[in-house]
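*Asks:* Input: one structure, supplied below.
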Amino acid sequence: MFEVRTGSLLSSDELIGGDIPRVSAKSDNNGILGFFDTIKNENARHCENFITVNFFGSDGGIFYHPYKASVEMKVHTLKIPDYEFTVRTGLFIANVLKSALYGFGYGSQLSSTKLKKNNYLISLPNRDGKIDFEFMESFVAELEAQRVAELEAYLTVTGLKDYGLTKDEELAIKKLDNIQWSDFKFKDIFDQIKQGRRLKSADQISGNIPFVMSGVTNSGVANYISNPINYFPPNSITIDIFGNAFYRNYEFSAGDDTGVYWNNTKNYSQETMLFLASSAEKALSGKYSYGKKLRSSQSKNIPMKLPILNKSIDFDYMDTLISAVQKLVIKDVVLWADKKIEATKEIVNR
């Protein structure tokens, strides 16, 4: 069914900054490693309007790319002969492939040879014995309309549709280059620093408590469980063995590759905790890997930089700045949602 090609290896010297995405075996950001000027490189293996499957299969990343990109080794490109994906059919088929190509990893990598044998069955809608691309289009369009309506309701209820900056928020952004900073140890910020508990996949009981492990996919939430093990409180930060930090505003459990940080005596606001998560990740960036894993007990004396006023942490500034950043980020989402809603209404009312 698919035309299968495999990417190529380029040295770091061949990767010069530019505007062409390079797709790698990363499992986040649609696998995009960065943007480079590879157009004149014959070894770059460019492709356009395609699906990528890396050597981990669905455990690593399967993504649809509507643009032109170069592709790394360990990444396979899929196209359908005599058919050009639309955004909706590309997304539909990429998600179907995730079920078909499950279970690969370091011990059992998905090679192009395995893919070309076409031994993997995928279920696609059909009409008169042919793939029904029209159904895919309408199905994904329906899902889009439903999700956009849910997004609009969420933005309204949470007040996030109001993306106008207050005077204090505008001032906080302008002051950013002139703020004084100082170092504060993790243990000075958090009076609770705990490590999660090992829980093998086979022992996990299905439930509704998020189970956090190392990694950035889905913010580190690997499963939902009901096991009677340690649950951590809302308004906490998780930091995994690689230094990836996420704020959690819900109760959760965590594996032994994840540390959990919170404060029982100080009621930090959500904005403050978001700021602290970013500062913590910045302090740990590039220092930890598989060869050197971070444990929460080792982090207590690590310093992170925080804004100060009169030699004390300026929590008010942290709150105001995060509020401003949230509004700047949400502005594009609100404007996009508004356009999508209007477009959907036009289609429905025809």
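Labeling convention for the structure tokens: chains A, B, ... as they appear, residues from 1 per chain, ligands from 1 in order of appearance.
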Show which residues sit within 10 Å of segment 271-278 of chain A, as a PyMOL selection string. Count only C-alpha atoms, and ignore same-chain residues fewer than 4 positions away.
*Replies:* chain A and resi 186+189+235-239+244-249+261-262+267+282-283+304-306+314-323+326
*Asks:* Using only C-alpha atoms, which residues sit within 10 Å of Pro66 of chain A once same-chain residues fewer than 6 positions away are excluded, as a PDB file with N, CA and C atoms, in the first residue's frame?
*Replies:*
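File written: around-v6.pdb
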```pdb
ATOM      1  N   CYS A  47      11.483  15.017   1.432  1.00  0.00           N
ATOM      2  CA  CYS A  47      10.176  14.477   1.106  1.00  0.00           C
ATOM      3  C   CYS A  47       9.137  15.546   1.436  1.00  0.00           C
ATOM      4  N   GLU A  48       7.965  15.460   0.794  1.00  0.00           N
ATOM      5  CA  GLU A  48       6.927  16.461   1.040  1.00  0.00           C
ATOM      6  C   GLU A  48       5.568  15.781   1.101  1.00  0.00           C
ATOM      7  N   ASN A  49       4.748  16.221   2.078  1.00  0.00           N
ATOM      8  CA  ASN A  49       3.407  15.680   2.263  1.00  0.00           C
ATOM      9  C   ASN A  49       3.467  14.167   2.486  1.00  0.00           C
ATOM     10  N   PHE A  50       3.920  13.771   3.672  1.00  0.00           N
ATOM     11  CA  PHE A  50       4.221  12.365   3.947  1.00  0.00           C
ATOM     12  C   PHE A  50       3.992  12.039   5.415  1.00  0.00           C
ATOM     13  N   ILE A  51       4.043  10.770   5.723  1.00  0.00           N
ATOM     14  CA  ILE A  51       3.951  10.279   7.094  1.00  0.00           C
ATOM     15  C   ILE A  51       5.301   9.686   7.475  1.00  0.00           C
ATOM     16  N   GLU A  84      -2.259  12.019  -3.089  1.00  0.00           N
ATOM     17  CA  GLU A  84      -1.660  13.057  -2.260  1.00  0.00           C
ATOM     18  C   GLU A  84      -2.493  13.227  -1.000  1.00  0.00           C
ATOM     19  N   PHE A  85      -1.853  13.040   0.146  1.00  0.00           N
ATOM     20  CA  PHE A  85      -2.567  13.243   1.403  1.00  0.00           C
ATOM     21  C   PHE A  85      -3.137  14.660   1.468  1.00  0.00           C
ATOM     22  N   THR A  86      -4.318  14.799   2.062  1.00  0.00           N
ATOM     23  CA  THR A  86      -4.767  16.096   2.564  1.00  0.00           C
ATOM     24  C   THR A  86      -4.395  16.118   4.039  1.00  0.00           C
ATOM     25  N   VAL A  87      -4.519  17.259   4.677  1.00  0.00           N
ATOM     26  CA  VAL A  87      -4.179  17.323   6.107  1.00  0.00           C
ATOM     27  C   VAL A  87      -5.027  16.330   6.892  1.00  0.00           C
ATOM     28  N   GLY A  90      -4.155  12.598   5.994  1.00  0.00           N
ATOM     29  CA  GLY A  90      -2.825  12.309   6.541  1.00  0.00           C
ATOM     30  C   GLY A  90      -2.881  12.051   8.031  1.00  0.00           C
ATOM     31  N   LEU A  91      -3.629  12.884   8.757  1.00  0.00           N
ATOM     32  CA  LEU A  91      -3.765  12.705  10.207  1.00  0.00           C
ATOM     33  C   LEU A  91      -4.521  11.426  10.530  1.00  0.00           C
TER      34      LEU A  91
END
```
*Asks:* Which residue is closest to Leu165 of chain A? Choose from A:Ala25, A:Val329, A:Trp336, A:Ile229 and count only C-alpha atoms.
*Replies:*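 The answer is A:Val329, which sits nearest to Leu165 of chain A.
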*Asks:* Could you please determine the separation between atom CA of Asp338 of chain A and atom CA of Val148 of chain A in Å, to one decimal place?
*Replies:* 8.7 Å
*Asks:* Here is a test: counting only C-alpha atoms, which residue of A:Glu169, A:Glu3, A:Glu342, A:Asp257 is nearest to Ala324 of chain A?
*Replies:*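 Closest to Ala324 of chain A, using only C-alpha atoms: A:Glu169.
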*Asks:* Nearest residue to Lys98 of chain A out of A:Ser123, A:Val75, A:Ile225, A:Pro81, using only C-alpha atoms?
*Replies:*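 Nearest candidate to Lys98 of chain A out of A:Ser123, A:Val75, A:Ile225, A:Pro81: A:Ser123.
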*Asks:* Near Leu33 of chain A, counting only C-alpha atoms, which residues have an atom at most 9 Å away, once you skip same-chain residues fewer than 6 positions from it, shown as a list in words?
*Replies:*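 Residues meeting the cut-off are Pro21, Arg22, Val23, Ser24, Ala25 and Lys26 of chain A.
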*Asks:* Store the residues picked out above, limited to N, CA and C atoms, as a compact mmCIF listing (two decimals), in the first residue's frame.
*Replies:*
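Final file, out.txt:
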```txt
# COMPACT_ATOMS: atom_id res chain seq x y z
N PRO A 21 12.59 21.92 7.83
CA PRO A 21 12.55 21.02 8.99
C PRO A 21 13.35 19.75 8.73
N ARG A 22 13.99 19.24 9.77
CA ARG A 22 14.67 17.94 9.67
C ARG A 22 14.00 17.02 10.68
N VAL A 23 13.44 15.92 10.18
CA VAL A 23 12.68 15.00 11.02
C VAL A 23 13.62 13.91 11.54
N SER A 24 13.63 13.75 12.85
CA SER A 24 14.50 12.76 13.50
C SER A 24 13.64 11.71 14.19
N ALA A 25 14.29 10.86 14.98
CA ALA A 25 13.57 9.81 15.72
C ALA A 25 13.03 10.31 17.04
N LYS A 26 13.01 11.63 17.24
CA LYS A 26 12.43 12.19 18.45
C LYS A 26 10.94 11.84 18.53
```
*Asks:* Determine, counting only C-alpha atoms, which protein, DNA and RNA residues have an atom within 8 Å of an atom of segment 28-30 of chain A; residues of the same chain fewer than 3 positions away are not included. Present the result as a list in words.
*Replies:*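 That gives Val23, Gly61, Ile62, Phe63, Tyr64, Val216 and Thr217 of chain A.
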*Asks:* Okay, now the selection with N, CA and C atoms, as a PDB file, in the first residue's frame?
*Replies:*
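In the end it all went to out_28.pdb:
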```
ATOM      1  N   VAL A  23      13.440  15.922  10.177  1.00  0.00           N
ATOM      2  CA  VAL A  23      12.685  14.998  11.017  1.00  0.00           C
ATOM      3  C   VAL A  23      13.616  13.907  11.536  1.00  0.00           C
ATOM      4  N   GLY A  61       7.259   7.372  17.567  1.00  0.00           N
ATOM      5  CA  GLY A  61       6.569   8.501  16.963  1.00  0.00           C
ATOM      6  C   GLY A  61       6.124   8.218  15.544  1.00  0.00           C
ATOM      7  N   ILE A  62       4.856   8.472  15.268  1.00  0.00           N
ATOM      8  CA  ILE A  62       4.291   8.390  13.923  1.00  0.00           C
ATOM      9  C   ILE A  62       3.586   9.714  13.666  1.00  0.00           C
ATOM     10  N   PHE A  63       4.050  10.452  12.658  1.00  0.00           N
ATOM     11  CA  PHE A  63       3.561  11.812  12.457  1.00  0.00           C
ATOM     12  C   PHE A  63       3.268  12.074  10.980  1.00  0.00           C
ATOM     13  N   TYR A  64       2.296  12.955  10.744  1.00  0.00           N
ATOM     14  CA  TYR A  64       2.007  13.423   9.388  1.00  0.00           C
ATOM     15  C   TYR A  64       2.666  14.777   9.187  1.00  0.00           C
ATOM     16  N   VAL A 216       8.872  13.609  27.895  1.00  0.00           N
ATOM     17  CA  VAL A 216       8.094  14.830  27.654  1.00  0.00           C
ATOM     18  C   VAL A 216       6.776  14.560  26.928  1.00  0.00           C
ATOM     19  N   THR A 217       6.625  13.373  26.341  1.00  0.00           N
ATOM     20  CA  THR A 217       5.383  13.046  25.653  1.00  0.00           C
ATOM     21  C   THR A 217       4.222  13.051  26.637  1.00  0.00           C
TER      22      THR A 217
END
```
